[in-house]
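The file upload.cif contains mmCIF, C-alpha atoms and all ligand atoms:
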data_query
#
loop_
_atom_site.label_atom_id
_atom_site.label_comp_id
_atom_site.auth_asym_id
_atom_site.auth_seq_id
_atom_site.Cartn_x
_atom_site.Cartn_y
_atom_site.Cartn_z
CA MET A 1 11.15 2.32 -16.57
CA ASN A 2 13.33 5.15 -18.07
CA SER A 3 17.02 5.34 -17.17
CA LEU A 4 16.43 4.44 -13.51
CA THR A 5 15.99 0.75 -14.06
CA LYS A 6 17.11 -1.21 -11.05
CA VAL A 7 14.85 -1.54 -8.03
CA ALA A 8 15.68 -3.01 -4.60
CA PHE A 9 13.03 -3.82 -2.03
CA ILE A 10 14.18 -3.71 1.58
CA GLY A 11 11.76 -6.11 3.28
CA ALA A 12 10.02 -8.97 1.47
CA GLY A 13 6.58 -8.78 3.07
CA ASN A 14 3.07 -7.98 1.82
CA MET A 15 3.83 -4.64 0.21
CA ALA A 16 7.13 -5.65 -1.45
CA LYS A 17 5.35 -8.70 -2.82
CA ALA A 18 2.38 -6.68 -4.07
CA ILE A 19 4.54 -4.12 -5.88
CA SER A 20 7.11 -6.57 -7.25
CA ILE A 21 4.40 -8.86 -8.67
CA GLY A 22 2.81 -5.79 -10.26
CA LEU A 23 6.13 -4.76 -11.78
CA ILE A 24 6.80 -8.22 -13.24
CA ASN A 25 3.25 -8.44 -14.62
CA SER A 26 3.66 -5.07 -16.29
CA GLY A 27 6.86 -6.11 -18.07
CA SER A 28 9.80 -5.26 -15.78
CA LYS A 29 12.70 -7.67 -16.15
CA PRO A 30 13.18 -9.94 -13.10
CA GLU A 31 16.95 -9.33 -13.19
CA SER A 32 16.30 -5.61 -12.61
CA ILE A 33 14.66 -6.33 -9.25
CA MET A 34 16.27 -7.47 -5.99
CA VAL A 35 14.70 -8.12 -2.63
CA ALA A 36 16.46 -8.09 0.76
CA ASN A 37 15.09 -9.66 3.93
CA PRO A 38 16.93 -11.10 6.94
CA SER A 39 14.84 -14.29 7.10
CA ALA A 40 15.00 -16.54 4.06
CA GLU A 41 11.46 -17.85 3.67
CA LYS A 42 9.67 -14.84 2.15
CA ARG A 43 12.51 -13.57 -0.02
CA LEU A 44 13.19 -17.05 -1.43
CA ALA A 45 9.50 -17.54 -2.15
CA LEU A 46 9.45 -14.27 -4.13
CA ALA A 47 12.75 -15.01 -5.86
CA ASN A 48 11.76 -18.57 -6.81
CA GLU A 49 8.35 -17.58 -8.11
CA PHE A 50 9.42 -14.56 -10.17
CA GLY A 51 13.14 -15.03 -10.80
CA ILE A 52 14.10 -11.79 -9.07
CA GLY A 53 17.40 -11.43 -7.17
CA GLN A 54 17.47 -11.92 -3.41
CA THR A 55 19.87 -11.35 -0.51
CA ASP A 56 19.91 -11.09 3.27
CA ASP A 57 22.15 -8.02 2.96
CA ASN A 58 20.29 -4.68 2.75
CA VAL A 59 23.45 -2.78 1.78
CA LYS A 60 24.18 -5.16 -1.10
CA ALA A 61 20.63 -4.80 -2.44
CA ALA A 62 20.80 -1.00 -2.14
CA GLU A 63 24.15 -0.86 -3.96
CA PHE A 64 22.64 -2.85 -6.83
CA ALA A 65 19.73 -0.41 -7.32
CA ASP A 66 18.90 3.11 -8.53
CA ILE A 67 15.60 3.00 -6.63
CA ILE A 68 15.44 1.66 -3.09
CA VAL A 69 11.96 0.81 -1.81
CA LEU A 70 11.76 0.78 1.99
CA ALA A 71 9.11 -1.87 2.64
CA VAL A 72 9.71 -2.77 6.29
CA LYS A 73 7.40 -2.02 9.21
CA PRO A 74 7.63 1.61 10.36
CA HIS A 75 9.53 0.75 13.57
CA PHE A 76 12.37 -0.80 11.52
CA ILE A 77 12.84 2.22 9.21
CA ASN A 78 15.32 3.99 11.47
CA THR A 79 17.59 0.92 11.80
CA VAL A 80 17.38 0.13 8.08
CA CYS A 81 18.17 3.73 7.02
CA THR A 82 21.09 3.95 9.45
CA GLN A 83 22.43 0.80 7.78
CA LEU A 84 21.83 2.26 4.30
CA SER A 85 23.78 5.42 5.19
CA GLN A 86 26.87 3.20 4.52
CA VAL A 87 25.80 2.59 0.90
CA ASN A 88 28.07 4.04 -1.77
CA ASN A 89 26.54 7.06 -3.46
CA ILE A 90 23.34 6.80 -1.40
CA GLN A 91 22.60 10.53 -1.81
CA ASN A 92 22.14 10.05 -5.57
CA LYS A 93 19.74 7.12 -5.31
CA LEU A 94 15.99 7.53 -5.10
CA ILE A 95 14.52 6.36 -1.79
CA ILE A 96 10.89 5.32 -1.93
CA SER A 97 9.28 4.71 1.44
CA VAL A 98 5.91 2.99 1.81
CA ALA A 99 6.05 3.11 5.63
CA ALA A 100 2.99 4.62 7.28
CA GLY A 101 3.67 7.61 9.51
CA ILE A 102 7.40 8.00 8.81
CA THR A 103 8.35 11.44 7.51
CA VAL A 104 10.87 12.47 4.85
CA ALA A 105 12.84 14.31 7.56
CA GLN A 106 13.07 11.17 9.73
CA ILE A 107 14.32 9.13 6.76
CA GLN A 108 16.91 11.72 5.69
CA GLN A 109 18.12 12.07 9.26
CA ALA A 110 18.69 8.32 9.59
CA LEU A 111 20.36 8.21 6.16
CA ALA A 112 22.59 11.11 7.30
CA CYS A 113 22.16 12.81 3.90
CA GLN A 114 19.61 14.75 1.86
CA ALA A 115 18.80 11.94 -0.59
CA GLY A 116 15.65 12.43 -2.65
CA VAL A 117 12.77 10.66 -0.91
CA VAL A 118 9.37 9.86 -2.36
CA ARG A 119 6.85 8.81 0.24
CA VAL A 120 4.28 6.47 -1.21
CA MET A 121 1.16 5.16 0.43
CA PRO A 122 0.05 2.18 -1.67
CA ASN A 123 -2.38 -0.62 -0.83
CA THR A 124 -2.37 -4.40 -1.25
CA PRO A 125 -4.58 -4.57 -4.40
CA SER A 126 -1.38 -3.35 -6.12
CA GLN A 127 -0.57 -7.04 -6.60
CA LEU A 128 -3.50 -7.27 -9.03
CA GLY A 129 -2.60 -4.00 -10.78
CA LEU A 130 -5.57 -2.46 -8.94
CA GLY A 131 -3.61 -0.45 -6.38
CA MET A 132 -4.35 3.12 -5.28
CA SER A 133 -1.30 5.12 -4.20
CA GLY A 134 -0.62 8.64 -2.99
CA LEU A 135 2.88 10.01 -3.66
CA PHE A 136 4.80 12.93 -2.15
CA ALA A 137 8.26 13.97 -3.34
CA SER A 138 10.85 15.77 -1.20
CA LEU A 139 12.51 18.87 -2.67
CA GLU A 140 15.65 16.88 -3.56
CA VAL A 141 13.81 14.54 -5.96
CA ASN A 142 14.76 15.43 -9.55
CA ALA A 143 12.49 15.21 -12.61
CA ALA A 144 13.87 11.83 -13.78
CA GLN A 145 13.40 10.35 -10.30
CA LYS A 146 9.87 11.72 -10.04
CA SER A 147 9.00 10.22 -13.38
CA ALA A 148 10.54 6.87 -12.35
CA ALA A 149 8.49 6.81 -9.11
CA ASP A 150 5.37 7.67 -11.12
CA LYS A 151 6.03 4.81 -13.55
CA LEU A 152 6.83 2.37 -10.75
CA MET A 153 3.55 2.95 -8.97
CA LYS A 154 1.47 3.28 -12.17
CA ALA A 155 2.68 -0.23 -13.00
CA VAL A 156 0.54 -1.43 -10.09
CA GLY A 157 -2.48 0.88 -10.18
CA GLU A 158 -3.67 4.48 -10.02
CA VAL A 159 -1.62 7.30 -8.47
CA ILE A 160 -2.28 10.72 -7.01
CA TRP A 161 0.62 13.17 -6.47
CA LEU A 162 0.40 15.26 -3.31
CA THR A 163 1.85 18.69 -2.68
CA SER A 164 1.72 18.42 1.12
CA GLU A 165 3.31 15.60 3.11
CA THR A 166 0.49 15.51 5.68
CA LYS A 167 -1.88 14.44 2.92
CA ILE A 168 -0.05 11.07 2.92
CA ASP A 169 -1.70 10.41 6.30
CA ALA A 170 -5.11 11.13 4.75
CA ILE A 171 -4.32 8.77 1.84
CA THR A 172 -3.39 6.14 4.43
CA ALA A 173 -6.75 6.56 6.15
CA VAL A 174 -8.71 6.32 2.87
CA ALA A 175 -6.83 3.97 0.54
CA GLY A 176 -3.87 2.42 2.41
CA SER A 177 -6.00 0.93 5.17
CA GLY A 178 -9.16 1.03 3.03
CA PRO A 179 -9.12 -2.54 1.70
CA ALA A 180 -9.38 -3.79 5.31
CA TYR A 181 -12.58 -1.76 5.82
CA PHE A 182 -14.21 -3.47 2.86
CA PHE A 183 -12.87 -6.88 3.98
CA LEU A 184 -14.40 -6.35 7.44
CA PHE A 185 -17.74 -5.43 5.89
CA MET A 186 -17.59 -8.51 3.65
CA GLU A 187 -16.71 -10.71 6.63
CA ALA A 188 -19.79 -9.41 8.47
CA MET A 189 -22.00 -10.11 5.43
CA GLN A 190 -20.47 -13.57 5.06
CA LYS A 191 -21.29 -14.37 8.72
CA GLN A 192 -24.91 -13.40 8.22
CA ALA A 193 -25.12 -15.40 4.98
CA LEU A 194 -23.92 -18.43 6.98
CA ALA A 195 -26.57 -17.66 9.60
CA PHE A 196 -29.20 -17.71 6.82
CA GLY A 197 -28.09 -21.30 6.14
CA PHE A 198 -25.79 -20.96 3.12
CA SER A 199 -22.66 -23.12 3.08
CA GLY A 200 -19.19 -21.57 3.55
CA GLU A 201 -18.54 -21.78 -0.16
CA GLU A 202 -21.92 -20.31 -1.09
CA SER A 203 -21.56 -17.50 1.45
CA ARG A 204 -18.14 -16.60 0.11
CA MET A 205 -19.38 -16.57 -3.49
CA LEU A 206 -22.49 -14.54 -2.65
CA VAL A 207 -20.47 -11.84 -0.88
CA GLN A 208 -17.49 -11.85 -3.23
CA GLN A 209 -19.55 -11.53 -6.40
CA THR A 210 -21.84 -8.89 -4.89
CA ALA A 211 -18.86 -6.77 -3.78
CA LEU A 212 -17.13 -7.19 -7.13
CA GLY A 213 -20.32 -6.29 -8.99
CA ALA A 214 -20.88 -3.20 -6.83
CA ALA A 215 -17.27 -1.99 -7.30
CA GLN A 216 -17.52 -2.52 -11.06
CA MET A 217 -20.84 -0.60 -11.15
CA VAL A 218 -19.02 2.35 -9.56
CA ALA A 219 -16.08 2.02 -11.95
CA HIS A 220 -18.21 1.72 -15.09
CA ASN A 221 -20.95 4.29 -14.43
CA ASN A 222 -19.98 7.92 -14.34
CA ILE A 223 -22.75 8.85 -11.94
CA ASP A 224 -22.78 9.58 -8.22
CA ILE A 225 -22.41 6.55 -5.97
CA SER A 226 -25.51 7.77 -4.11
CA GLN A 227 -27.51 7.43 -7.35
CA LEU A 228 -26.34 3.82 -7.75
CA ARG A 229 -27.50 3.18 -4.18
CA GLU A 230 -30.88 4.78 -4.89
CA ASN A 231 -31.30 2.62 -7.99
CA VAL A 232 -31.23 -0.47 -5.73
CA THR A 233 -33.55 1.00 -3.12
CA SER A 234 -37.27 0.59 -3.78
CA LYS A 235 -39.36 2.77 -1.50
CA GLY A 236 -40.56 0.70 1.45
CA GLY A 237 -38.71 -2.35 0.10
CA THR A 238 -35.99 -4.63 1.44
CA THR A 239 -32.95 -2.41 0.75
CA PHE A 240 -34.78 0.50 2.35
CA ALA A 241 -35.29 -1.60 5.49
CA ALA A 242 -31.60 -2.53 5.58
CA LEU A 243 -30.36 1.03 4.98
CA GLU A 244 -32.62 2.34 7.76
CA GLN A 245 -30.83 -0.04 10.14
CA PHE A 246 -27.44 1.29 8.98
CA ARG A 247 -28.62 4.89 9.47
CA GLU A 248 -30.19 4.28 12.88
CA ASN A 249 -26.95 2.64 14.03
CA GLY A 250 -24.83 5.57 12.82
CA LEU A 251 -22.89 3.92 9.97
CA GLU A 252 -21.67 7.26 8.58
CA GLN A 253 -20.30 8.35 11.97
CA ILE A 254 -18.70 4.93 12.46
CA VAL A 255 -16.91 5.19 9.10
CA SER A 256 -15.86 8.78 9.67
CA GLY A 257 -14.62 7.93 13.19
CA ALA A 258 -12.64 4.93 11.93
CA MET A 259 -10.96 6.89 9.16
CA THR A 260 -10.15 9.74 11.55
CA ALA A 261 -8.60 7.19 13.94
CA ALA A 262 -6.36 5.89 11.11
CA PHE A 263 -5.34 9.46 10.19
CA ASN A 264 -4.59 10.36 13.83
CA ARG A 265 -2.59 7.16 14.33
CA ALA A 266 -0.42 7.97 11.26
CA GLN A 267 0.29 11.44 12.70
CA GLU A 268 1.03 10.01 16.14
CA MET A 269 3.47 7.49 14.59
CA ALA A 270 5.35 10.34 12.90
CA LYS A 271 5.52 12.33 16.13
CA ASN A 272 6.70 9.47 18.35
CA ASN A 273 8.91 7.92 15.68
CA ASN A 274 6.49 5.01 16.32
N1 LIG A 301 0.13 -4.08 4.30
C1 LIG A 301 -0.46 -3.03 3.78
O1 LIG A 301 -1.64 -3.05 3.37
C2 LIG A 301 0.29 -1.73 3.65
C3 LIG A 301 1.50 -1.54 4.26
N2 LIG A 301 2.16 -0.35 4.12
C4 LIG A 301 3.46 -0.16 4.76
O2 LIG A 301 4.33 -1.10 4.17
C5 LIG A 301 5.34 -1.44 5.11
C6 LIG A 301 5.51 -2.93 5.13
O3 LIG A 301 4.28 -3.51 5.52
P1 LIG A 301 3.97 -5.04 5.19
O4 LIG A 301 4.55 -5.38 3.87
O5 LIG A 301 2.54 -5.25 5.45
O6 LIG A 301 4.84 -5.74 6.35
P2 LIG A 301 5.39 -7.23 6.40
O7 LIG A 301 5.60 -7.54 7.86
O8 LIG A 301 4.54 -8.15 5.58
O9 LIG A 301 6.82 -7.11 5.68
C7 LIG A 301 7.94 -6.52 6.25
C8 LIG A 301 9.14 -7.40 5.94
O10 LIG A 301 10.31 -6.73 6.39
C9 LIG A 301 11.20 -7.71 6.88
N3 LIG A 301 12.19 -7.06 7.74
C10 LIG A 301 12.16 -6.85 9.08
N4 LIG A 301 13.28 -6.23 9.47
C11 LIG A 301 14.04 -6.04 8.36
C12 LIG A 301 15.33 -5.47 8.14
N5 LIG A 301 16.04 -4.96 9.13
N6 LIG A 301 15.79 -5.45 6.88
C13 LIG A 301 15.09 -5.97 5.83
N7 LIG A 301 13.87 -6.54 6.00
C14 LIG A 301 13.36 -6.57 7.24
C15 LIG A 301 10.32 -8.71 7.59
O11 LIG A 301 10.97 -9.96 7.74
C16 LIG A 301 9.13 -8.77 6.63
O12 LIG A 301 9.28 -9.79 5.67
C17 LIG A 301 4.94 -0.87 6.46
O13 LIG A 301 5.80 0.18 6.77
C18 LIG A 301 3.51 -0.40 6.25
O14 LIG A 301 3.26 0.80 6.95
C19 LIG A 301 1.68 0.65 3.35
C20 LIG A 301 0.49 0.52 2.71
C21 LIG A 301 -0.32 -0.67 2.82
O1 LIG A 302 -1.98 -0.73 9.03
C1 LIG A 302 -0.97 -0.11 8.67
O2 LIG A 302 -0.33 0.59 9.49
C2 LIG A 302 -0.52 -0.17 7.23
C3 LIG A 302 -0.58 1.17 6.57
C4 LIG A 302 -1.76 1.12 5.65
C5 LIG A 302 -2.14 -0.29 5.64
N1 LIG A 302 -1.43 -0.98 6.46
#
Spell out the structure here as structure tokens.
Ligand SMILES: NC(=O)C1=CN([C@@H]2O[C@H](COP(=O)(O)OP(=O)(O)OC[C@H]3O[C@@H](n4cnc5c(N)ncnc54)[C@H](O)[C@@H]3O)[C@@H](O)[C@H]2O)C=CC1
Ligand SMILES: O=C(O)[C@@H]1CCC=N1
Amino acid sequence: MNSLTKVAFIGAGNMAKAISIGLINSGSKPESIMVANPSAEKRLALANEFGIGQTDDNVKAAEFADIIVLAVKPHFINTVCTQLSQVNNIQNKLIISVAAGITVAQIQQALACQAGVVRVMPNTPSQLGLGMSGLFASLEVNAAQKSAADKLMKAVGEVIWLTSETKIDAITAVAGSGPAYFFLFMEAMQKQALAFGFSGEESRMLVQQTALGAAQMVAHNNIDISQLRENVTSKGGTTFAALEQFRENGLEQIVSGAMTAAFNRAQEMAKNNN
């Protein structure tokens, strides 16, 4: 990662784990990464598994780093940033926030300075290098910092740069929360496979391999997803019968309503400061 080499994660939960594993797997040195978390269990687990530095002191971690990744729940961002306002030279460090629904302005206000902030909306498949992230840079972010943020997130998947901050909320609704939509669908399929009499293990394998195969078909065929669906659907056949059920029960409206609810919730979080 160019001249900005040291990264501190504030919070050692799901997202910090996903991104730090991705960084290590893509060749970052463990000694260039530090994680801070008040409780010991998660940060020690990460540190022991990957050899990265760990501390219970957010300020110490932030002083170590050029890039500070805010990876706590949105309602802790204000407290954490107020704490980080004490960090030496904080205005020259790059702040990367993965918190849903927390704006650049809210972060800068709590930091009490105009530090460069990149808002990132990643997702958990980042831990496999299969993440999808949207990034938005505040005006204060310089070219080297932008390039470092780009490299950081490309180490764990694909990235899209956004020119409007509101678009982060749309990324959240599509990709940030998106894995959970697919998991829910897979859970429902797994339940029905069990009801058909398959064992737990068989049901899991049937659903897992089918989902993986379908995702790979999309990734490896440069044709519309609707065409892939049609290729499975014989007229008057079994898939047709299943898809009719989805249509009659309003699947498209359900999906659109769910994604709109996620988008609205992100906007509401920003307005109410959670
Ligand atoms: N989980 C997901 O799929 C995604 C989460 N996000 C965002 O990532 C952020 C973190 O989410 P998760 O990793 O899922 O949460 P998490 O609950 O797994 O991790 C948060 C960690 O922060 C620690 N923490 C709490 N207070 C702290 C403090 N004052 N200082 C330092 N650490 C503190 C907690 O002990 C916990 O280990 C959230 O803001 C969320 O909006 C964004 C995209 C996807
Ligand atoms: O549910 C949430 O609020 C976070 C943001 C995207 C995924 N998880």
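A distance search around ligand LIG 302 (chain A) (7 Å at most, all atoms listed in the file) returns the following protein and nucleic acid residues: Ala99, Ala100, Asn123, Thr172, Gly176 and Ser177 of chain A.
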Residues within 12 Å of Gly178 of chain A, please, as a short mmCIF file (atom, residue, chain, number, x, y, z; two decimals) with C-alpha atoms, keeping the file's coordinate frame. Count all atoms listed in the file; anything in the same chain fewer than 5 positions from it doesn't count.
data_model
loop_
_atom_site.label_atom_id
_atom_site.label_comp_id
_atom_site.auth_asym_id
_atom_site.auth_seq_id
_atom_site.Cartn_x
_atom_site.Cartn_y
_atom_site.Cartn_z
CA MET A 121 1.16 5.16 0.43
CA PRO A 122 0.05 2.18 -1.67
CA ASN A 123 -2.38 -0.62 -0.83
CA THR A 124 -2.37 -4.40 -1.25
CA PRO A 125 -4.58 -4.57 -4.40
CA GLY A 131 -3.61 -0.45 -6.38
CA MET A 132 -4.35 3.12 -5.28
CA SER A 133 -1.30 5.12 -4.20
CA ALA A 170 -5.11 11.13 4.75
CA ILE A 171 -4.32 8.77 1.84
CA THR A 172 -3.39 6.14 4.43
CA ALA A 173 -6.75 6.56 6.15
CA PHE A 183 -12.87 -6.88 3.98
CA LEU A 184 -14.40 -6.35 7.44
CA PHE A 185 -17.74 -5.43 5.89
CA VAL A 255 -16.91 5.19 9.10
CA ALA A 258 -12.64 4.93 11.93
CA MET A 259 -10.96 6.89 9.16
CA ALA A 262 -6.36 5.89 11.11
CA PHE A 263 -5.34 9.46 10.19
#
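Considering all atoms listed in the file, the residue among A:Ile90, A:Cys81, A:Ile19, A:Met186 positioned nearest to Ala105 of chain A is A:Cys81.
Once only C-alpha atoms and all ligand atoms are used for the distance check, the residues close to ligand LIG 301 (chain A) at 6 Å turn out to be Ile10, Gly11, Ala12, Gly13, Asn14, Met15, Ala16, Ala36, Asn37, Pro38, Ser39, Ala71, Val72, Lys73, Pro74, Phe76, Val80, Val98, Ala99, Ala100, Met121, Pro122, Asn123, Thr124 and Gly176 of chain A.
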Excluding segment 191-196 of chain A and residues on its chain fewer than 6 positions from it, collect all residues at most 12 Å away from it, counting all atoms listed in the file, and give them as a VMD selection string.
chain A and resid 184 to 185 202 to 208
